[in-house]
Amino acid sequence: MKHIVLIGASGFVGTALLAEALNRNIQVTAVVRNPDKIQTKHANLTVVKADVSNLEELAAISKGKDAVISAYNPGWSRTDTYEETLKVYPLILEAVKKAGVKRLLIVGGAGTLFVQPGLRVVDSGAIPQEIMGGVKSLGEFYLNTLIQEKEIDWVFFSPAAHLEPGTRTGIYRLGKDDLLTDDQGESKISVEDYAKAMLDELESPQHHQERFTIAY
């Protein structure tokens with residue numbers, strides 16, 4: 001049985017990842033700021049309150065685990081989302097390395113995907129200003145830090161432009177660096193299908209030290 005650490009397990013994406021992992025009989029140590037937000041009870045679930053910006057604490061929690069999945073998000077409504085993301089994500093990366101965990105799977109953003117050659121989503125004018133801080137910072141972490149990382153086997157899994165509640169269909173497309181759209185020009189995926197694809201990647205790795213993406 002695999003044993004993973006799931007950071008941000010009480011969030012929108014984290015909740016879906018937690019459900020998918022437990023349905024697959026994966027042992028999960030869920031790292032959250034507020035344990036009360038996780039109502040799920042399961043024999044394979046351990047909920048830990050921790051500060052993910054504390055490198056030593058997160059390294060200790062992660063030690064001996066098969067992988068770390070990070071759905072970390074400081075919160076879209078915060079005024080310092082940009083600064084917090086760029087402060088905390090390098091610490092998460094270092095903590096996973098310090099723990100000796102070989103695999104890190106990150107819930108990425110769509111901002112750095114290309115909508116056409118040379119033009120990324122973040123520069124296309126499509127991102128609402130109120131969430132730009134979170135989109136830009138996660139993208140900068142990927143482009144400026146993660147791409148340079150050669151020590152561990154990481155992936156940065158970018159969702160479609162619209163990640164929504166829905167159903168787990170198991171029918172979708174995977175891509176690499178370009179925003180995927182359907183016949184109507186829409187780019188979307190349910191959080192349930194996103195979680196399925198992420199856990200598929202955990203159990204049967206297809207991507208190594210690279211980004212990939214998903215959409216219908």
# chains A, B, ... in the order shown; residues from 1 in each chain; ligands from 1
$ select_by_dssp --residues "chain A" --states "alpha helix (DSSP H)" --output "ChimeraX atom specification"
/A:12-23,55-62,81-99,132-144,191-203
$ residues_around --residues "Gly11 in chain A" --least-positions-apart "4" --cutoff "12 Å" --atoms "only C-alpha atoms" --output "count of residues only"
24
$ closest_atom_pairs --of "range 136-198 of chain A" --to "range 101-104 of chain A" --cutoff "10 Å" --atoms "only C-alpha atoms" --output "JSON lines"
{"residue": "A:Glu151", "atom": "CA", "partner": "A:Lys102", "partner_atom": "CA", "distance": 8.4}
{"residue": "A:Ile152", "atom": "CA", "partner": "A:Lys102", "partner_atom": "CA", "distance": 5.3}
{"residue": "A:Asp153", "atom": "CA", "partner": "A:Arg103", "partner_atom": "CA", "distance": 4.9}
{"residue": "A:Trp154", "atom": "CA", "partner": "A:Leu104", "partner_atom": "CA", "distance": 4.6}
{"residue": "A:Val155", "atom": "CA", "partner": "A:Leu104", "partner_atom": "CA", "distance": 6.5}
{"residue": "A:Phe156", "atom": "CA", "partner": "A:Leu104", "partner_atom": "CA", "distance": 8.7}
$ write_last_selection --atoms "C-alpha atoms" --output "PDB file, in the first residue's frame"
ATOM      1  CA  GLU A 151      17.201  16.107  -7.635  1.00  0.00           C
ATOM      2  CA  ILE A 152      13.688  14.689  -7.316  1.00  0.00           C
ATOM      3  CA  ASP A 153      11.062  13.345  -9.704  1.00  0.00           C
ATOM      4  CA  TRP A 154       8.470  16.148  -9.802  1.00  0.00           C
ATOM      5  CA  VAL A 155       5.433  16.884 -11.931  1.00  0.00           C
ATOM      6  CA  PHE A 156       3.424  20.100 -12.271  1.00  0.00           C
TER       7      PHE A 156
END
$ residues_around --residues "Glu203 in chain A" --least-positions-apart "6" --cutoff "12 Å" --atoms "only C-alpha atoms" --output "list of chain:residue names"
A:Met1, A:Lys2, A:His3, A:Ile4, A:Glu20, A:Ala21, A:Arg24, A:Asn25, A:Ile26, A:Asp66, A:Ala67, A:Arg103, A:Leu105, A:Lys196, A:Ala197
$ residues_around --residues "range 85-98 of chain A" --least-positions-apart "4" --cutoff "7 Å" --atoms "only C-alpha atoms" --output "ChimeraX atom specification"
/A:52-53,55-56,58-59,62,74,81,137-138,141,152
